[in-house]
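Here is the file entry18.tsv (TSV, C-alpha atoms).
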chain	number	residue	atom	x	y	z
A	1124	MET	CA	3.31	88.92	1.00
A	1125	VAL	CA	4.98	88.86	4.41
A	1126	GLN	CA	4.65	85.54	6.23
A	1127	MET	CA	4.99	85.31	9.99
A	1128	LYS	CA	5.17	82.06	11.91
A	1129	GLU	CA	5.91	81.40	15.57
A	1130	PHE	CA	7.59	78.10	16.38
A	1131	ARG	CA	7.35	76.97	20.00
A	1132	ILE	CA	9.95	74.39	20.99
A	1133	VAL	CA	9.34	72.84	24.40
A	1134	MET	CA	12.41	71.45	26.18
A	1135	PRO	CA	12.65	69.25	29.33
A	1136	VAL	CA	15.31	71.52	30.85
A	1137	SER	CA	15.45	74.70	32.90
A	1138	LEU	CA	16.28	78.11	31.44
A	1139	GLU	CA	19.75	77.97	32.98
A	1140	GLU	CA	20.38	74.49	31.62
A	1141	TYR	CA	19.16	75.56	28.18
A	1142	GLU	CA	21.84	78.23	27.97
A	1143	ILE	CA	24.51	75.61	28.65
A	1144	ALA	CA	22.91	73.14	26.23
A	1145	GLN	CA	22.82	75.69	23.41
A	1146	MET	CA	26.45	76.70	23.82
A	1147	TYR	CA	27.56	73.08	23.90
A	1148	MET	CA	25.43	72.19	20.87
A	1149	VAL	CA	26.87	75.04	18.78
A	1150	VAL	CA	30.48	74.06	19.53
A	1151	LYS	CA	29.84	70.36	18.94
A	1152	MET	CA	28.01	70.92	15.64
A	1153	GLN	CA	30.75	73.24	14.41
A	1154	GLN	CA	33.32	70.62	15.32
A	1155	GLU	CA	31.42	67.89	13.48
A	1156	ASN	CA	31.19	70.05	10.34
A	1157	THR	CA	34.81	71.16	10.24
A	1158	THR	CA	37.15	69.23	7.95
A	1159	SER	CA	40.64	69.76	6.59
A	1160	THR	CA	39.20	71.78	3.71
A	1161	GLU	CA	36.26	73.70	5.15
A	1162	GLY	CA	34.72	74.87	8.38
A	1163	VAL	CA	33.42	77.81	10.35
A	1164	GLU	CA	35.96	80.37	11.53
A	1165	ILE	CA	34.61	82.65	14.25
A	1166	LEU	CA	36.09	86.13	13.93
A	1167	GLU	CA	34.23	87.48	16.95
A	1168	SER	CA	31.84	86.01	19.51
A	1169	ARG	CA	30.42	88.39	22.07
A	1170	PRO	CA	27.30	88.70	24.23
A	1171	PHE	CA	24.91	91.60	23.89
A	1172	GLU	CA	22.09	92.92	26.02
A	1173	ASP	CA	18.79	94.45	24.98
A	1174	ASP	CA	16.34	96.36	27.19
A	1175	VAL	CA	13.45	94.23	25.93
A	1176	TYR	CA	14.90	90.84	25.03
A	1177	GLY	CA	17.67	90.61	27.62
A	1178	LYS	CA	21.04	88.92	27.20
A	1179	ALA	CA	22.02	86.78	24.24
A	1180	LYS	CA	24.84	85.82	21.88
A	1181	CYS	CA	25.22	86.67	18.23
A	1182	PRO	CA	23.47	83.88	16.25
A	1183	LEU	CA	25.04	81.70	13.57
A	1184	GLY	CA	23.97	81.67	9.95
A	1185	SER	CA	22.35	78.77	8.17
A	1186	PRO	CA	24.65	77.08	5.63
A	1187	LEU	CA	21.82	74.87	4.41
A	1188	LEU	CA	19.49	77.75	3.58
A	1189	HIS	CA	22.36	79.64	1.98
A	1190	GLN	CA	23.01	76.61	-0.25
A	1191	GLU	CA	19.34	76.41	-1.19
A	1192	MET	CA	19.38	80.08	-2.16
A	1193	LEU	CA	22.37	79.48	-4.44
A	1194	LEU	CA	20.64	76.55	-6.12
A	1195	PHE	CA	17.41	78.51	-6.54
A	1196	CYS	CA	19.27	81.42	-8.11
A	1197	MET	CA	21.14	79.09	-10.45
A	1198	ARG	CA	17.87	77.53	-11.64
A	1199	LYS	CA	16.18	80.91	-12.00
A	1200	LEU	CA	18.95	82.72	-13.89
A	1201	GLY	CA	20.96	79.82	-15.26
A	1202	VAL	CA	24.19	81.11	-13.68
A	1203	HIS	CA	26.41	79.79	-10.92
A	1204	ILE	CA	27.42	82.13	-8.10
A	1205	GLN	CA	29.43	81.69	-4.89
A	1206	ASP	CA	27.41	83.99	-2.63
A	1207	ALA	CA	23.63	84.38	-2.43
A	1208	ASN	CA	24.14	88.12	-1.90
A	1209	GLN	CA	25.37	88.34	-5.50
A	1210	CYS	CA	22.07	87.05	-6.84
A	1211	PRO	CA	19.59	89.78	-7.85
A	1212	CYS	CA	16.78	87.44	-6.85
A	1213	PHE	CA	17.54	88.04	-3.18
A	1214	ASN	CA	18.53	91.69	-2.88
A	1215	LYS	CA	15.09	92.53	-1.43
A	1216	LEU	CA	14.65	89.43	0.70
A	1217	VAL	CA	14.10	90.04	4.42
A	1218	LEU	CA	14.30	87.25	7.00
A	1219	THR	CA	14.18	87.89	10.75
A	1220	ILE	CA	14.13	85.47	13.69
A	1221	GLU	CA	13.19	86.76	17.14
A	1222	THR	CA	13.55	84.43	20.12
A	1223	VAL	CA	12.15	84.60	23.63
A	1224	HIS	CA	12.77	81.91	26.26
A	1225	VAL	CA	10.09	81.31	28.90
A	1226	ALA	CA	9.84	78.78	31.72
A	1227	ASP	CA	6.55	77.27	30.54
A	1228	ASN	CA	5.25	74.59	28.18
A	1229	ALA	CA	4.26	76.66	25.13
A	1230	LYS	CA	1.17	78.20	26.74
A	1231	SER	CA	2.15	81.88	26.46
A	1232	GLU	CA	0.17	83.51	23.66
A	1233	ASN	CA	2.03	86.74	22.94
A	1234	VAL	CA	5.58	86.71	24.29
A	1235	HIS	CA	6.78	88.86	21.38
A	1236	GLY	CA	4.35	91.68	22.12
A	1237	LEU	CA	2.63	91.64	18.71
A	1238	ASP	CA	-0.19	94.02	17.89
A	1239	LYS	CA	-3.69	92.91	16.85
A	1240	GLU	CA	-2.93	92.92	13.13
A	1241	GLN	CA	0.26	90.89	13.60
A	1242	LEU	CA	-1.51	88.38	15.84
A	1243	GLU	CA	-4.15	87.84	13.18
A	1244	SER	CA	-1.54	87.09	10.49
A	1245	ARG	CA	0.78	85.05	12.73
A	1246	LYS	CA	0.67	81.27	12.51
A	1247	VAL	CA	1.72	79.10	15.46
A	1248	GLU	CA	3.26	75.63	15.51
A	1249	VAL	CA	4.37	73.73	18.60
A	1250	ILE	CA	7.38	71.59	17.69
A	1251	ASP	CA	7.63	68.28	19.54
A	1252	ILE	CA	11.28	67.18	19.76
A	1253	ALA	CA	10.09	63.64	20.55
A	1254	SER	CA	8.11	63.32	17.32
A	1255	SER	CA	9.33	60.71	14.84
A	1256	ALA	CA	7.62	62.42	11.90
A	1257	ARG	CA	10.00	63.55	9.17
A	1258	ASP	CA	9.69	65.61	5.99
A	1259	HIS	CA	12.01	66.52	3.10
A	1260	TRP	CA	13.86	69.18	5.08
A	1261	SER	CA	14.25	66.95	8.12
A	1262	TYR	CA	16.07	64.36	6.05
A	1263	LEU	CA	18.37	67.05	4.63
A	1264	VAL	CA	19.18	68.61	7.99
A	1265	GLY	CA	18.68	65.80	10.46
A	1266	ARG	CA	21.41	63.71	12.00
A	1267	CYS	CA	19.97	63.05	15.44
A	1268	ASP	CA	18.34	59.63	15.23
A	1269	VAL	CA	17.67	59.15	18.96
A	1270	ASP	CA	14.30	57.60	19.80
A	1271	PHE	CA	13.18	59.80	22.69
A	1272	SER	CA	10.26	57.50	23.48
A	1273	LYS	CA	12.92	55.08	24.78
A	1274	PHE	CA	15.68	57.51	25.77
A	1275	ARG	CA	16.57	58.13	29.42
A	1276	SER	CA	19.39	60.35	30.59
A	1277	ARG	CA	21.84	58.47	32.82
A	1278	ARG	CA	22.90	61.61	34.71
A	1279	THR	CA	19.53	63.30	35.20
A	1280	GLY	CA	17.02	60.46	34.89
A	1281	ARG	CA	14.95	62.51	32.44
A	1282	GLY	CA	13.02	60.66	29.80
A	1283	PRO	CA	11.61	58.81	28.08
A	1284	LEU	CA	9.45	61.44	26.40
A	1285	THR	CA	5.99	59.92	26.16
A	1286	VAL	CA	2.96	61.27	24.30
A	1287	SER	CA	2.02	63.77	27.04
A	1288	TRP	CA	5.54	64.62	28.20
A	1289	LYS	CA	5.18	68.40	27.58
A	1290	GLU	CA	2.38	68.65	30.16
A	1291	GLN	CA	4.09	66.47	32.77
A	1292	CYS	CA	7.82	67.17	32.71
A	1293	ASN	CA	9.67	69.29	35.26
A	1294	PRO	CA	11.79	71.30	34.67
A	1295	VAL	CA	10.40	72.67	31.41
A	1296	MET	CA	10.96	75.71	29.19
A	1297	THR	CA	9.96	76.90	25.74
A	1298	ALA	CA	11.91	78.68	23.03
A	1299	TYR	CA	9.46	80.95	21.20
A	1300	LYS	CA	10.94	81.65	17.77
A	1301	LEU	CA	9.10	84.17	15.62
A	1302	VAL	CA	10.17	83.88	11.98
A	1303	THR	CA	9.18	86.70	9.62
A	1304	VAL	CA	10.05	86.40	5.94
A	1305	ASP	CA	9.28	88.76	3.10
A	1306	ALA	CA	10.22	87.82	-0.48
A	1307	PRO	CA	8.56	90.49	-2.66
A	1308	TYR	CA	9.08	88.72	-5.96
A	1309	TRP	CA	6.29	88.16	-8.45
A	1310	GLY	CA	5.67	84.55	-9.37
A	1311	PHE	CA	7.85	82.76	-6.82
A	1312	GLY	CA	7.93	84.95	-3.68
A	1313	LYS	CA	5.37	82.97	-1.71
A	1314	ARG	CA	7.05	79.68	-2.57
A	1315	LEU	CA	10.41	81.07	-1.48
A	1316	GLU	CA	8.93	82.27	1.81
A	1317	GLN	CA	7.45	78.83	2.47
A	1318	THR	CA	10.82	77.26	1.69
A	1319	PHE	CA	12.54	79.43	4.29
A	1320	LEU	CA	9.90	78.64	6.91
A	1321	ALA	CA	10.21	74.91	6.27
A	1322	GLY	CA	13.99	75.08	6.41
A	1323	GLU	CA	14.03	77.04	9.66
A	1324	ARG	CA	11.57	74.59	11.21
A	1325	ALA	CA	13.84	71.66	10.34
A	1326	LEU	CA	16.85	73.46	11.82
A	1327	PHE	CA	14.98	74.27	15.02
A	1328	LEU	CA	13.89	70.66	15.37
A	1329	GLU	CA	17.34	69.19	14.70
A	1330	THR	CA	19.27	71.52	17.00
A	1331	HIS	CA	16.87	71.10	19.90
A	1332	ARG	CA	16.75	67.33	19.50
A	1333	SER	CA	20.54	67.34	19.65
A	1334	CYS	CA	20.53	69.54	22.76
A	1335	PHE	CA	18.52	66.97	24.69
A	1336	ALA	CA	20.23	63.93	23.14
A	1337	TRP	CA	23.60	65.25	24.40
A	1338	ILE	CA	22.35	66.09	27.91
A	1339	ASP	CA	24.71	63.61	29.58
A	1340	GLN	CA	27.63	65.36	27.88
A	1341	TRP	CA	26.84	68.97	28.84
A	1342	TYR	CA	24.93	68.52	32.09
A	1343	GLY	CA	26.93	69.90	35.02
A	1344	MET	CA	29.25	72.02	32.89
A	1345	THR	CA	29.77	75.65	33.87
A	1346	LEU	CA	29.73	78.68	31.58
A	1347	GLN	CA	33.45	79.09	32.12
A	1348	GLN	CA	34.13	75.49	31.04
A	1349	LEU	CA	32.06	76.04	27.89
A	1350	GLN	CA	33.79	79.32	27.11
A	1351	ASP	CA	37.14	77.56	27.45
A	1352	LEU	CA	35.85	74.82	25.15
A	1353	GLU	CA	34.72	77.44	22.63
A	1354	GLN	CA	38.13	79.12	22.61
A	1355	GLU	CA	39.89	75.78	22.23
A	1356	TYR	CA	37.70	74.88	19.27
A	1357	TYR	CA	38.01	78.28	17.59
A	1358	SER	CA	41.79	78.16	17.94
A	1359	LEU	CA	41.90	74.67	16.45
A	1360	THR	CA	39.56	75.63	13.60
A	1361	SER	CA	41.68	78.65	12.68
A	1362	LYS	CA	44.78	76.45	12.51
A	1363	VAL	CA	43.01	73.83	10.39
A	1364	LEU	CA	41.66	76.39	7.92
A	1365	LEU	CA	45.00	78.22	7.77
A	1366	ALA	CA	46.82	74.97	6.99
A	1367	ALA	CA	44.25	74.13	4.29
A	1368	SER	CA	44.64	77.61	2.75
A	1369	ARG	CA	48.41	77.24	2.66
A	1370	MET	CA	48.16	73.83	1.00
A	1371	TYR	CA	45.74	75.23	-1.58
A	1372	LEU	CA	48.01	78.20	-2.35
A	1373	ALA	CA	51.08	75.99	-2.62
A	1374	ALA	CA	49.28	73.66	-5.03
A	1375	LYS	CA	48.17	76.61	-7.17
A	1376	LEU	CA	51.70	77.98	-7.31
A	1377	ASP	CA	53.00	74.57	-8.35
A	1378	GLY	CA	50.35	74.28	-11.03
A	1379	SER	CA	48.85	71.21	-9.41
A	1380	LYS	CA	45.21	70.25	-9.72
A	1381	ILE	CA	43.04	71.09	-6.72
Encoding of this model in structure tokens:
Amino acid sequence: MVQMKEFRIVMPVSLEEYEIAQMYMVVKMQQENTTSTEGVEILESRPFEDDVYGKAKCPLGSPLLHQEMLLFCMRKLGVHIQDANQCPCFNKLVLTIETVHVADNAKSENVHGLDKEQLESRKVEVIDIASSARDHWSYLVGRCDVDFSKFRSRRTGRGPLTVSWKEQCNPVMTAYKLVTVDAPYWGFGKRLEQTFLAGERALFLETHRSCFAWIDQWYGMTLQQLQDLEQEYYSLTSKVLLAASRMYLAAKLDGSKI
């Protein structure tokens, strides 16, 4: 059964600021998750434009969900694989995420242009980045431990985020993320779909919390400065991963233990 859920993430920033915040957040998170042995190497990063959805950048994958898929497949089949695409449990799985950004506070009811049948099956959840509530997925994904009920940006004066902040803040915008997942597998398909929805929710919450928590770091930056920062990071990452690969190969040739 196909499950469709729309997550609405309200942010105390403008649409223009949100673009900067997202770019900064992606680079910073990649940097924090790159070590001498593993990381994300970007082969190509380019903008694209759609007649309906406008301009955007190619999205990143979800390492956490990929890991969960590997574990699920291992439990189901009793085998260990390196790539979820190799698992026959997931060769029919379909997961799509459609995003629309609007300068409002989560009040738009059909930004994705759904038909009557889709609207009836769609579930809606407004995600509050200031909420202190946590679940299993939040603890797995979450690193941002900022208390937004006490947080105030030094550079913008925004915050703290009180109980009714979504109705009072200015500027404000909402990221409407429509997640559609179809896992047509008898016996565990619905559970798998719910797992993906829960995982995506946790990722949305964590990334948007980080965007606002780092506002004093990205506020005032230009797109050109961020693009330069991206290129600097990607160049550094490639060098780190290349050095790690060479060390690994040398150790293998020497017969050393890895």
Using Å and a single decimal, report how far CA of Thr1222 in chain A sits from CA of Val1302 in chain A.
8.8 Å
Can you pull out the residues contacting Trp1337 in chain A? Cut-off 9 Å, using only C-alpha atoms, and skip same-chain residues under 6 positions away; I want them as number ranges by chain.
A: 1144, 1147-1148, 1276
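Distances from A:Lys1151, A:Thr1303, A:Met1344, A:Lys1313 to Arg1245 in chain A were compared using all atoms listed in the file, and the smallest one belongs to A:Thr1303.
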Closest of A:Glu1142, A:Glu1248, A:Glu1290, A:Glu1155 to Trp1341 in chain A - atom-to-atom distances counting all atoms listed in the file
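Looking only at the distances to Trp1341 in chain A, the closest residue turns out to be A:Glu1142.
Pairwise distance (CA of Leu1352 in chain A, CA of Met1146 in chain A) equals 9.7 Å.
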Skipping near chain neighbours, those fewer than 2 positions away, what residues fall within 7 Å of Glu1316 in chain A using only C-alpha atoms, listed as a list of chain:residue names?
A:Gln1126, A:Val1304, A:Asp1305, A:Ala1306, A:Gly1312, A:Lys1313, A:Arg1314, A:Thr1318, A:Phe1319, A:Leu1320
Have a look at CA of Gly1282 in chain A and CA of Gln1145 in chain A and let me know their distance in Å, one decimal.
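Rounded to one decimal, the two atoms are 19.0 Å apart.
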Tell me which of A:Gln1317, A:Ser1255, A:Thr1279, A:Gln1154 sits closest to Val1125 in chain A, counting all atoms listed in the file.
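Going through A:Gln1317, A:Ser1255, A:Thr1279, A:Gln1154 one by one, the smallest distance to Val1125 in chain A is for A:Gln1317.
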Please reconstruct the missing atoms of range 1317-1328 of chain A (target: all heavy atoms) and return them as an mmCIF file, in the coordinates of the input.
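part_35.cif, written as the output of this step:
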data_model
loop_
_atom_site.group_PDB
_atom_site.id
_atom_site.type_symbol
_atom_site.label_atom_id
_atom_site.label_comp_id
_atom_site.auth_asym_id
_atom_site.auth_seq_id
_atom_site.Cartn_x
_atom_site.Cartn_y
_atom_site.Cartn_z
ATOM 1 N N GLN A 1317 7.803 80.120 1.879
ATOM 2 C CA GLN A 1317 7.450 78.830 2.470
ATOM 3 C C GLN A 1317 8.679 77.926 2.604
ATOM 4 O O GLN A 1317 8.799 77.162 3.562
ATOM 5 C CB GLN A 1317 6.384 78.155 1.608
ATOM 6 C CG GLN A 1317 5.036 78.861 1.642
ATOM 7 C CD GLN A 1317 4.045 78.294 0.650
ATOM 8 O OE1 GLN A 1317 4.413 77.627 -0.319
ATOM 9 N NE2 GLN A 1317 2.759 78.541 0.887
ATOM 10 N N THR A 1318 9.589 78.037 1.638
ATOM 11 C CA THR A 1318 10.820 77.260 1.690
ATOM 12 C C THR A 1318 11.661 77.660 2.900
ATOM 13 O O THR A 1318 12.196 76.803 3.622
ATOM 14 C CB THR A 1318 11.640 77.453 0.404
ATOM 15 O OG1 THR A 1318 10.888 76.971 -0.706
ATOM 16 C CG2 THR A 1318 12.966 76.705 0.477
ATOM 17 N N PHE A 1319 11.773 78.954 3.138
ATOM 18 C CA PHE A 1319 12.540 79.430 4.290
ATOM 19 C C PHE A 1319 11.897 78.981 5.600
ATOM 20 O O PHE A 1319 12.599 78.566 6.535
ATOM 21 C CB PHE A 1319 12.647 80.951 4.246
ATOM 22 C CG PHE A 1319 13.864 81.435 3.522
ATOM 23 C CD1 PHE A 1319 13.825 81.641 2.161
ATOM 24 C CD2 PHE A 1319 15.051 81.655 4.190
ATOM 25 C CE1 PHE A 1319 14.943 82.075 1.479
ATOM 26 C CE2 PHE A 1319 16.176 82.085 3.517
ATOM 27 C CZ PHE A 1319 16.130 82.308 2.160
ATOM 28 N N LEU A 1320 10.578 79.061 5.691
ATOM 29 C CA LEU A 1320 9.900 78.640 6.910
ATOM 30 C C LEU A 1320 10.109 77.152 7.174
ATOM 31 O O LEU A 1320 10.358 76.741 8.313
ATOM 32 C CB LEU A 1320 8.405 78.953 6.805
ATOM 33 C CG LEU A 1320 8.017 80.442 6.865
ATOM 34 C CD1 LEU A 1320 6.531 80.607 6.596
ATOM 35 C CD2 LEU A 1320 8.382 81.044 8.218
ATOM 36 N N ALA A 1321 10.018 76.348 6.124
ATOM 37 C CA ALA A 1321 10.210 74.910 6.270
ATOM 38 C C ALA A 1321 11.646 74.591 6.669
ATOM 39 O O ALA A 1321 11.901 73.706 7.499
ATOM 40 C CB ALA A 1321 9.855 74.195 4.964
ATOM 41 N N GLY A 1322 12.591 75.303 6.075
ATOM 42 C CA GLY A 1322 13.990 75.080 6.410
ATOM 43 C C GLY A 1322 14.312 75.467 7.833
ATOM 44 O O GLY A 1322 15.024 74.748 8.548
ATOM 45 N N GLU A 1323 13.792 76.609 8.286
ATOM 46 C CA GLU A 1323 14.030 77.040 9.660
ATOM 47 C C GLU A 1323 13.397 76.056 10.646
ATOM 48 O O GLU A 1323 13.989 75.738 11.684
ATOM 49 C CB GLU A 1323 13.457 78.440 9.884
ATOM 50 C CG GLU A 1323 14.182 79.542 9.139
ATOM 51 C CD GLU A 1323 15.621 79.725 9.602
ATOM 52 O OE1 GLU A 1323 15.982 79.214 10.682
ATOM 53 O OE2 GLU A 1323 16.392 80.374 8.876
ATOM 54 N N ARG A 1324 12.216 75.563 10.324
ATOM 55 C CA ARG A 1324 11.570 74.590 11.210
ATOM 56 C C ARG A 1324 12.443 73.355 11.388
ATOM 57 O O ARG A 1324 12.618 72.842 12.503
ATOM 58 C CB ARG A 1324 10.209 74.185 10.637
ATOM 59 C CG ARG A 1324 9.464 73.184 11.500
ATOM 60 C CD ARG A 1324 8.295 72.539 10.776
ATOM 61 N NE ARG A 1324 7.576 71.633 11.646
ATOM 62 C CZ ARG A 1324 7.971 70.391 11.927
ATOM 63 N NH1 ARG A 1324 9.105 69.909 11.401
ATOM 64 N NH2 ARG A 1324 7.252 69.626 12.741
ATOM 65 N N ALA A 1325 12.987 72.851 10.278
ATOM 66 C CA ALA A 1325 13.840 71.660 10.340
ATOM 67 C C ALA A 1325 15.091 71.917 11.165
ATOM 68 O O ALA A 1325 15.537 71.052 11.927
ATOM 69 C CB ALA A 1325 14.212 71.215 8.927
ATOM 70 N N LEU A 1326 15.666 73.113 11.041
ATOM 71 C CA LEU A 1326 16.850 73.460 11.820
ATOM 72 C C LEU A 1326 16.524 73.565 13.304
ATOM 73 O O LEU A 1326 17.294 73.087 14.150
ATOM 74 C CB LEU A 1326 17.424 74.790 11.317
ATOM 75 C CG LEU A 1326 18.138 74.741 9.964
ATOM 76 C CD1 LEU A 1326 18.451 76.150 9.478
ATOM 77 C CD2 LEU A 1326 19.412 73.919 10.044
ATOM 78 N N PHE A 1327 15.390 74.175 13.622
ATOM 79 C CA PHE A 1327 14.980 74.270 15.020
ATOM 80 C C PHE A 1327 14.804 72.884 15.620
ATOM 81 O O PHE A 1327 15.235 72.612 16.750
ATOM 82 C CB PHE A 1327 13.670 75.051 15.148
ATOM 83 C CG PHE A 1327 13.753 76.493 14.708
ATOM 84 C CD1 PHE A 1327 12.617 77.163 14.265
ATOM 85 C CD2 PHE A 1327 14.953 77.182 14.724
ATOM 86 C CE1 PHE A 1327 12.679 78.488 13.871
ATOM 87 C CE2 PHE A 1327 15.030 78.505 14.331
ATOM 88 C CZ PHE A 1327 13.889 79.159 13.894
ATOM 89 N N LEU A 1328 14.145 72.010 14.887
ATOM 90 C CA LEU A 1328 13.890 70.660 15.370
ATOM 91 C C LEU A 1328 15.193 69.893 15.587
ATOM 92 O O LEU A 1328 15.410 69.289 16.643
ATOM 93 C CB LEU A 1328 12.995 69.900 14.384
ATOM 94 C CG LEU A 1328 12.689 68.432 14.725
ATOM 95 C CD1 LEU A 1328 11.987 68.321 16.070
ATOM 96 C CD2 LEU A 1328 11.858 67.790 13.622
#
